[in-house]
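Structure file my_file_38.cif (mmCIF, C-alpha atoms) is printed below.
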data_target
loop_
_atom_site.group_PDB
_atom_site.id
_atom_site.type_symbol
_atom_site.label_atom_id
_atom_site.label_comp_id
_atom_site.auth_asym_id
_atom_site.auth_seq_id
_atom_site.Cartn_x
_atom_site.Cartn_y
_atom_site.Cartn_z
ATOM 1 C CA MET A 583 -6.253 -31.927 -1.198
ATOM 2 C CA THR A 584 -8.225 -28.754 -1.771
ATOM 3 C CA THR A 585 -7.976 -27.432 -5.334
ATOM 4 C CA SER A 586 -7.374 -23.776 -6.187
ATOM 5 C CA ALA A 587 -10.986 -23.416 -7.318
ATOM 6 C CA GLU A 588 -12.232 -24.960 -4.079
ATOM 7 C CA LEU A 589 -10.156 -22.509 -2.029
ATOM 8 C CA LEU A 590 -12.388 -19.701 -3.272
ATOM 9 C CA GLU A 591 -15.471 -21.530 -2.062
ATOM 10 C CA LEU A 592 -14.341 -22.106 1.532
ATOM 11 C CA SER A 593 -15.357 -18.642 2.789
ATOM 12 C CA PRO A 594 -16.484 -15.318 1.308
ATOM 13 C CA VAL A 595 -13.386 -13.762 2.869
ATOM 14 C CA MET A 596 -9.889 -15.211 3.020
ATOM 15 C CA PRO A 597 -8.239 -13.559 6.043
ATOM 16 C CA VAL A 598 -4.785 -12.214 5.239
ATOM 17 C CA VAL A 599 -2.917 -12.426 8.521
ATOM 18 C CA VAL A 600 0.483 -11.149 9.641
ATOM 19 C CA VAL A 601 1.710 -12.967 12.768
ATOM 20 C CA ASP A 602 4.476 -11.367 14.813
ATOM 21 C CA GLU A 603 4.364 -13.917 17.649
ATOM 22 C CA VAL A 604 3.896 -17.637 17.120
ATOM 23 C CA ARG A 605 1.714 -17.916 20.218
ATOM 24 C CA HIS A 606 -0.980 -15.864 18.502
ATOM 25 C CA ALA A 607 -1.286 -18.074 15.421
ATOM 26 C CA VAL A 608 -3.397 -20.915 16.801
ATOM 27 C CA PRO A 609 -5.823 -18.715 18.802
ATOM 28 C CA ILE A 610 -6.340 -16.537 15.713
ATOM 29 C CA ALA A 611 -7.081 -19.578 13.554
ATOM 30 C CA GLU A 612 -9.409 -21.016 16.188
ATOM 31 C CA ALA A 613 -11.303 -17.719 16.456
ATOM 32 C CA LEU A 614 -11.688 -17.464 12.684
ATOM 33 C CA LEU A 615 -12.880 -21.056 12.462
ATOM 34 C CA ALA A 616 -15.369 -20.515 15.289
ATOM 35 C CA GLY A 617 -16.697 -17.550 13.333
ATOM 36 C CA GLY A 618 -17.316 -19.663 10.260
ATOM 37 C CA ILE A 619 -14.166 -18.953 8.242
ATOM 38 C CA GLY A 620 -12.607 -22.079 6.750
ATOM 39 C CA VAL A 621 -9.373 -20.693 5.358
ATOM 40 C CA ILE A 622 -6.492 -18.483 6.500
ATOM 41 C CA GLU A 623 -3.555 -16.980 4.627
ATOM 42 C CA LEU A 624 -0.523 -16.425 6.868
ATOM 43 C CA THR A 625 1.869 -14.079 5.130
ATOM 44 C CA LEU A 626 5.605 -14.687 4.994
ATOM 45 C CA ARG A 627 6.346 -11.169 6.180
ATOM 46 C CA THR A 628 7.725 -11.980 9.634
ATOM 47 C CA PRO A 629 10.497 -14.271 10.897
ATOM 48 C CA VAL A 630 7.974 -16.532 12.669
ATOM 49 C CA ALA A 631 5.610 -17.015 9.730
ATOM 50 C CA LEU A 632 6.705 -20.538 8.797
ATOM 51 C CA GLU A 633 6.572 -21.668 12.415
ATOM 52 C CA ALA A 634 3.101 -20.146 12.696
ATOM 53 C CA ILE A 635 1.945 -22.039 9.605
ATOM 54 C CA ALA A 636 3.267 -25.284 11.045
ATOM 55 C CA ALA A 637 1.466 -24.662 14.349
ATOM 56 C CA VAL A 638 -1.883 -23.953 12.703
ATOM 57 C CA ALA A 639 -1.550 -26.927 10.347
ATOM 58 C CA ALA A 640 -0.880 -29.224 13.300
ATOM 59 C CA GLU A 641 -3.309 -27.817 15.854
ATOM 60 C CA VAL A 642 -6.282 -26.440 13.913
ATOM 61 C CA PRO A 643 -7.142 -29.135 11.360
ATOM 62 C CA GLY A 644 -10.551 -27.617 10.670
ATOM 63 C CA ILE A 645 -9.080 -24.641 8.835
ATOM 64 C CA VAL A 646 -7.067 -24.678 5.607
ATOM 65 C CA VAL A 647 -3.871 -22.709 6.205
ATOM 66 C CA GLY A 648 -1.885 -21.213 3.363
ATOM 67 C CA ALA A 649 1.281 -19.189 2.932
ATOM 68 C CA GLY A 650 0.936 -15.736 1.448
ATOM 69 C CA THR A 651 3.366 -13.201 0.033
ATOM 70 C CA VAL A 652 5.393 -15.982 -1.565
ATOM 71 C CA THR A 653 7.922 -14.110 -3.703
ATOM 72 C CA THR A 654 10.805 -16.568 -4.139
ATOM 73 C CA PRO A 655 11.182 -20.238 -5.105
ATOM 74 C CA GLU A 656 12.777 -20.899 -1.724
ATOM 75 C CA GLN A 657 9.750 -19.534 0.122
ATOM 76 C CA ALA A 658 7.440 -21.788 -1.866
ATOM 77 C CA ALA A 659 9.457 -24.861 -0.935
ATOM 78 C CA ARG A 660 9.799 -23.912 2.720
ATOM 79 C CA ALA A 661 6.091 -23.129 3.057
ATOM 80 C CA ALA A 662 5.223 -26.548 1.685
ATOM 81 C CA GLU A 663 7.646 -28.186 4.120
ATOM 82 C CA ALA A 664 6.053 -26.254 6.999
ATOM 83 C CA GLY A 665 2.654 -27.739 6.202
ATOM 84 C CA ALA A 666 0.973 -25.029 4.159
ATOM 85 C CA GLY A 667 -2.103 -26.257 2.316
ATOM 86 C CA PHE A 668 -1.790 -23.680 -0.453
ATOM 87 C CA LEU A 669 0.358 -20.786 -1.652
ATOM 88 C CA VAL A 670 -0.465 -17.198 -2.614
ATOM 89 C CA THR A 671 1.826 -14.900 -4.574
ATOM 90 C CA PRO A 672 1.465 -11.117 -5.057
ATOM 91 C CA GLY A 673 2.781 -11.428 -8.618
ATOM 92 C CA CYS A 674 4.496 -14.096 -10.675
ATOM 93 C CA THR A 675 7.841 -14.775 -12.257
ATOM 94 C CA ASP A 676 8.690 -17.949 -14.144
ATOM 95 C CA ALA A 677 10.904 -19.105 -11.281
ATOM 96 C CA VAL A 678 8.186 -18.629 -8.650
ATOM 97 C CA LEU A 679 5.584 -20.291 -10.867
ATOM 98 C CA ASP A 680 7.826 -23.291 -11.476
ATOM 99 C CA ALA A 681 8.544 -23.602 -7.757
ATOM 100 C CA ALA A 682 4.858 -23.365 -6.877
ATOM 101 C CA PHE A 683 3.994 -26.084 -9.378
ATOM 102 C CA ALA A 684 6.834 -28.211 -7.991
ATOM 103 C CA THR A 685 5.296 -28.224 -4.497
ATOM 104 C CA GLY A 686 2.163 -29.924 -5.795
ATOM 105 C CA LEU A 687 0.068 -27.513 -3.733
ATOM 106 C CA PRO A 688 -2.830 -25.468 -5.073
ATOM 107 C CA PHE A 689 -1.865 -21.823 -5.404
ATOM 108 C CA LEU A 690 -3.296 -18.428 -6.249
ATOM 109 C CA PRO A 691 -0.828 -16.558 -8.463
ATOM 110 C CA GLY A 692 -1.050 -12.789 -8.388
ATOM 111 C CA ALA A 693 -1.997 -10.758 -11.459
ATOM 112 C CA SER A 694 -3.007 -7.143 -11.958
ATOM 113 C CA THR A 695 -3.129 -6.792 -15.753
ATOM 114 C CA VAL A 696 -4.920 -8.566 -18.580
ATOM 115 C CA SER A 697 -1.598 -9.712 -20.035
ATOM 116 C CA GLU A 698 -0.505 -11.218 -16.726
ATOM 117 C CA ALA A 699 -3.823 -13.024 -16.367
ATOM 118 C CA MET A 700 -3.593 -14.356 -19.929
ATOM 119 C CA ARG A 701 -0.040 -15.536 -19.348
ATOM 120 C CA LEU A 702 -1.108 -17.443 -16.235
ATOM 121 C CA ALA A 703 -4.032 -18.934 -18.129
ATOM 122 C CA GLU A 704 -1.536 -20.201 -20.715
ATOM 123 C CA ARG A 705 0.148 -22.093 -17.882
ATOM 124 C CA GLY A 706 -3.158 -23.808 -17.094
ATOM 125 C CA LEU A 707 -4.158 -21.595 -14.187
ATOM 126 C CA ASP A 708 -7.726 -20.305 -14.014
ATOM 127 C CA THR A 709 -7.978 -19.241 -10.367
ATOM 128 C CA LEU A 710 -5.954 -16.122 -9.625
ATOM 129 C CA LYS A 711 -5.305 -13.463 -7.038
ATOM 130 C CA PHE A 712 -6.060 -9.925 -8.241
ATOM 131 C CA PHE A 713 -3.584 -7.665 -6.462
ATOM 132 C CA PRO A 714 -3.451 -4.857 -5.501
ATOM 133 C CA ALA A 715 -7.202 -4.811 -6.090
ATOM 134 C CA GLU A 716 -8.230 -1.274 -5.232
ATOM 135 C CA ALA A 717 -5.076 0.349 -6.601
ATOM 136 C CA ALA A 718 -5.295 -1.667 -9.821
ATOM 137 C CA GLY A 719 -8.834 -0.613 -10.716
ATOM 138 C CA GLY A 720 -11.141 -2.314 -8.246
ATOM 139 C CA THR A 721 -14.545 -3.712 -9.125
ATOM 140 C CA ALA A 722 -14.824 -1.718 -12.365
ATOM 141 C CA TYR A 723 -11.621 -3.289 -13.671
ATOM 142 C CA LEU A 724 -12.593 -6.827 -12.714
ATOM 143 C CA LYS A 725 -16.034 -6.432 -14.251
ATOM 144 C CA SER A 726 -14.541 -5.127 -17.494
ATOM 145 C CA ILE A 727 -12.187 -8.084 -17.963
ATOM 146 C CA GLY A 728 -14.888 -10.654 -17.286
ATOM 147 C CA GLY A 729 -15.991 -10.492 -20.927
ATOM 148 C CA PRO A 730 -12.670 -11.165 -22.667
ATOM 149 C CA LEU A 731 -11.473 -13.564 -19.931
ATOM 150 C CA PRO A 732 -14.626 -15.515 -19.007
ATOM 151 C CA GLY A 733 -12.747 -18.600 -17.848
ATOM 152 C CA LEU A 734 -10.875 -16.889 -15.013
ATOM 153 C CA ARG A 735 -11.951 -16.408 -11.414
ATOM 154 C CA PHE A 736 -10.304 -14.147 -8.886
ATOM 155 C CA CYS A 737 -9.644 -13.552 -5.218
ATOM 156 C CA PRO A 738 -9.147 -9.766 -5.096
ATOM 157 C CA THR A 739 -6.824 -8.620 -2.315
ATOM 158 C CA GLY A 740 -5.421 -5.222 -1.418
ATOM 159 C CA GLY A 741 -7.571 -2.440 -0.069
ATOM 160 C CA ILE A 742 -10.563 -4.715 0.534
ATOM 161 C CA THR A 743 -12.555 -3.751 3.628
ATOM 162 C CA ALA A 744 -15.812 -4.668 5.326
ATOM 163 C CA ASP A 745 -17.349 -1.718 3.500
ATOM 164 C CA ASN A 746 -16.401 -2.632 -0.070
ATOM 165 C CA ALA A 747 -16.175 -6.445 0.109
ATOM 166 C CA ALA A 748 -19.790 -6.970 -0.956
ATOM 167 C CA GLY A 749 -19.218 -5.056 -4.185
ATOM 168 C CA TYR A 750 -16.438 -7.437 -5.171
ATOM 169 C CA LEU A 751 -18.346 -10.550 -4.112
ATOM 170 C CA ALA A 752 -21.247 -9.532 -6.340
ATOM 171 C CA LEU A 753 -19.061 -9.920 -9.454
ATOM 172 C CA ALA A 754 -19.446 -13.117 -11.478
ATOM 173 C CA ASN A 755 -15.671 -13.640 -11.756
ATOM 174 C CA VAL A 756 -14.962 -13.224 -8.030
ATOM 175 C CA GLY A 757 -15.066 -16.274 -5.777
ATOM 176 C CA CYS A 758 -13.902 -14.671 -2.528
ATOM 177 C CA VAL A 759 -11.933 -11.654 -1.350
ATOM 178 C CA GLY A 760 -8.784 -11.405 0.718
ATOM 179 C CA GLY A 761 -8.706 -8.971 3.605
ATOM 180 C CA SER A 762 -6.842 -8.123 6.783
ATOM 181 C CA TRP A 763 -9.701 -6.455 8.661
ATOM 182 C CA LEU A 764 -10.750 -9.698 10.380
ATOM 183 C CA THR A 765 -7.586 -9.677 12.505
ATOM 184 C CA PRO A 766 -6.916 -6.073 13.597
ATOM 185 C CA LYS A 767 -3.440 -5.546 15.020
ATOM 186 C CA ASP A 768 -4.772 -4.184 18.303
ATOM 187 C CA ALA A 769 -7.110 -7.161 18.773
ATOM 188 C CA VAL A 770 -4.237 -9.583 18.204
ATOM 189 C CA ALA A 771 -1.893 -7.679 20.514
ATOM 190 C CA GLU A 772 -4.503 -7.592 23.278
ATOM 191 C CA GLY A 773 -5.493 -11.227 22.806
ATOM 192 C CA ASP A 774 -9.040 -10.182 21.990
ATOM 193 C CA PHE A 775 -9.942 -13.291 20.056
ATOM 194 C CA VAL A 776 -13.631 -12.840 20.867
ATOM 195 C CA ARG A 777 -13.559 -9.717 18.708
ATOM 196 C CA ILE A 778 -11.838 -11.620 15.911
ATOM 197 C CA GLU A 779 -14.502 -14.309 16.082
ATOM 198 C CA ALA A 780 -17.233 -11.653 15.869
ATOM 199 C CA LEU A 781 -15.584 -10.088 12.801
ATOM 200 C CA ALA A 782 -15.277 -13.544 11.272
ATOM 201 C CA LYS A 783 -18.992 -14.196 11.752
ATOM 202 C CA GLU A 784 -19.835 -10.952 9.960
ATOM 203 C CA ALA A 785 -17.488 -11.827 7.100
ATOM 204 C CA ALA A 786 -18.778 -15.394 6.811
ATOM 205 C CA ALA A 787 -22.314 -14.041 6.403
ATOM 206 C CA LEU A 788 -21.450 -11.845 3.400
ATOM 207 C CA PRO A 789 -23.545 -12.837 0.357
ATOM 208 C CA ARG A 790 -21.917 -14.002 -2.865
#
Could you express the structure from this file as structure tokens?
Amino acid sequence: MTTSAELLELSPVMPVVVVDEVRHAVPIAEALLAGGIGVIELTLRTPVALEAIAAVAAEVPGIVVGAGTVTTPEQAARAAEAGAGFLVTPGCTDAVLDAAFATGLPFLPGASTVSEAMRLAERGLDTLKFFPAEAAGGTAYLKSIGGPLPGLRFCPTGGITADNAAGYLALANVGCVGGSWLTPKDAVAEGDFVRIEALAKEAAALPR
């Protein structure tokens, strides 16, 4: 099983994907994989999300599929049952943390303050999601906390684009970034998976 630390090494960009129709999930994952992206976060923001995770897990074994926007213990358990390879939370409560640990899956717990990051570190977690990245202080914030929290690494998500991703990836405490620009809504709706593959290739080539 992939560890949380290894998740950050799979690709410079972890695509954050919202799937409205199950039939789009596998072609999206295949396009991302063809473009050199080895991981995908399918968010639990639509009624078909769990079914989409199950489809990708079963049909696209070359990509590691995770469940994002996990906000309740029940979602953590159901995502694991659906075949998710990891979990991502926007923030953390004790109940969600306990449920995530109970699944046995690697997970990226969300933090946006030094205190939250320290609290997660106390629970033995050293690989975190920094969310919402741009709104919470961006690269300047992450750089400033690298000194007092040298043992933590982050996947910043929220407001990350093709234009500012490189700035985050240049930071010593950033392993990868999360972003939705690899799967534009219009490209998904039109079935333009060639475009998604092209965007994936550009993202996979980002230096870090």
Given the PyMOL selection byres ((chain A and resi 702) around 12), the residues it picks as a ChimeraX atom specification: /A:673-676,679-680,689-701,703-711,731,733-735
Within 10 Å of Gly686 of chain A using all atoms listed in the file, minus same-chain residues under 4 positions, as a PyMOL selection string: chain A and resi 583+662+667-668+681-682
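Going from atom CA of Trp763 of chain A to atom CA of Gly618 of chain A covers 15.3 Å.
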Residue nearest Val604 of chain A - candidates A:Ala636, A:Leu592, A:Ile742, A:Ala649, atoms counted: all atoms listed in the file: A:Ala636
Atomic distance atom CA of Glu784 of chain A - atom CA of Val638 of chain A, expressed in Å with one decimal: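 Computing it gives 22.3 Å between the two atoms.
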So which residues touch Val601 of chain A within 12 Å, counting all atoms listed in the file, skipping near sequence neighbours fewer than 6 positions away, as a PDB file with C-alpha atoms, in the frame of the given file?
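Output file part-v8.pdb is given in full below:
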ATOM      1  CA  ALA A 607      -1.286 -18.074  15.421  1.00  0.00           C
ATOM      2  CA  VAL A 608      -3.397 -20.915  16.801  1.00  0.00           C
ATOM      3  CA  PRO A 609      -5.823 -18.715  18.802  1.00  0.00           C
ATOM      4  CA  ILE A 610      -6.340 -16.537  15.713  1.00  0.00           C
ATOM      5  CA  ALA A 611      -7.081 -19.578  13.554  1.00  0.00           C
ATOM      6  CA  ILE A 622      -6.492 -18.483   6.500  1.00  0.00           C
ATOM      7  CA  GLU A 623      -3.555 -16.980   4.627  1.00  0.00           C
ATOM      8  CA  LEU A 624      -0.523 -16.425   6.868  1.00  0.00           C
ATOM      9  CA  THR A 625       1.869 -14.079   5.130  1.00  0.00           C
ATOM     10  CA  LEU A 626       5.605 -14.687   4.994  1.00  0.00           C
ATOM     11  CA  ARG A 627       6.346 -11.169   6.180  1.00  0.00           C
ATOM     12  CA  THR A 628       7.725 -11.980   9.634  1.00  0.00           C
ATOM     13  CA  PRO A 629      10.497 -14.271  10.897  1.00  0.00           C
ATOM     14  CA  VAL A 630       7.974 -16.532  12.669  1.00  0.00           C
ATOM     15  CA  ALA A 631       5.610 -17.015   9.730  1.00  0.00           C
ATOM     16  CA  LEU A 632       6.705 -20.538   8.797  1.00  0.00           C
ATOM     17  CA  GLU A 633       6.572 -21.668  12.415  1.00  0.00           C
ATOM     18  CA  ALA A 634       3.101 -20.146  12.696  1.00  0.00           C
ATOM     19  CA  ILE A 635       1.945 -22.039   9.605  1.00  0.00           C
ATOM     20  CA  ALA A 637       1.466 -24.662  14.349  1.00  0.00           C
ATOM     21  CA  VAL A 638      -1.883 -23.953  12.703  1.00  0.00           C
ATOM     22  CA  ALA A 649       1.281 -19.189   2.932  1.00  0.00           C
ATOM     23  CA  GLY A 650       0.936 -15.736   1.448  1.00  0.00           C
ATOM     24  CA  SER A 762      -6.842  -8.123   6.783  1.00  0.00           C
ATOM     25  CA  THR A 765      -7.586  -9.677  12.505  1.00  0.00           C
ATOM     26  CA  PRO A 766      -6.916  -6.073  13.597  1.00  0.00           C
ATOM     27  CA  LYS A 767      -3.440  -5.546  15.020  1.00  0.00           C
ATOM     28  CA  VAL A 770      -4.237  -9.583  18.204  1.00  0.00           C
ATOM     29  CA  ALA A 771      -1.893  -7.679  20.514  1.00  0.00           C
TER      30      ALA A 771
END
Distance in Å - atom CA of Gln657 of chain A versus atom CA of Phe736 of chain A: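 Here the two named atoms are 22.6 Å from each other.
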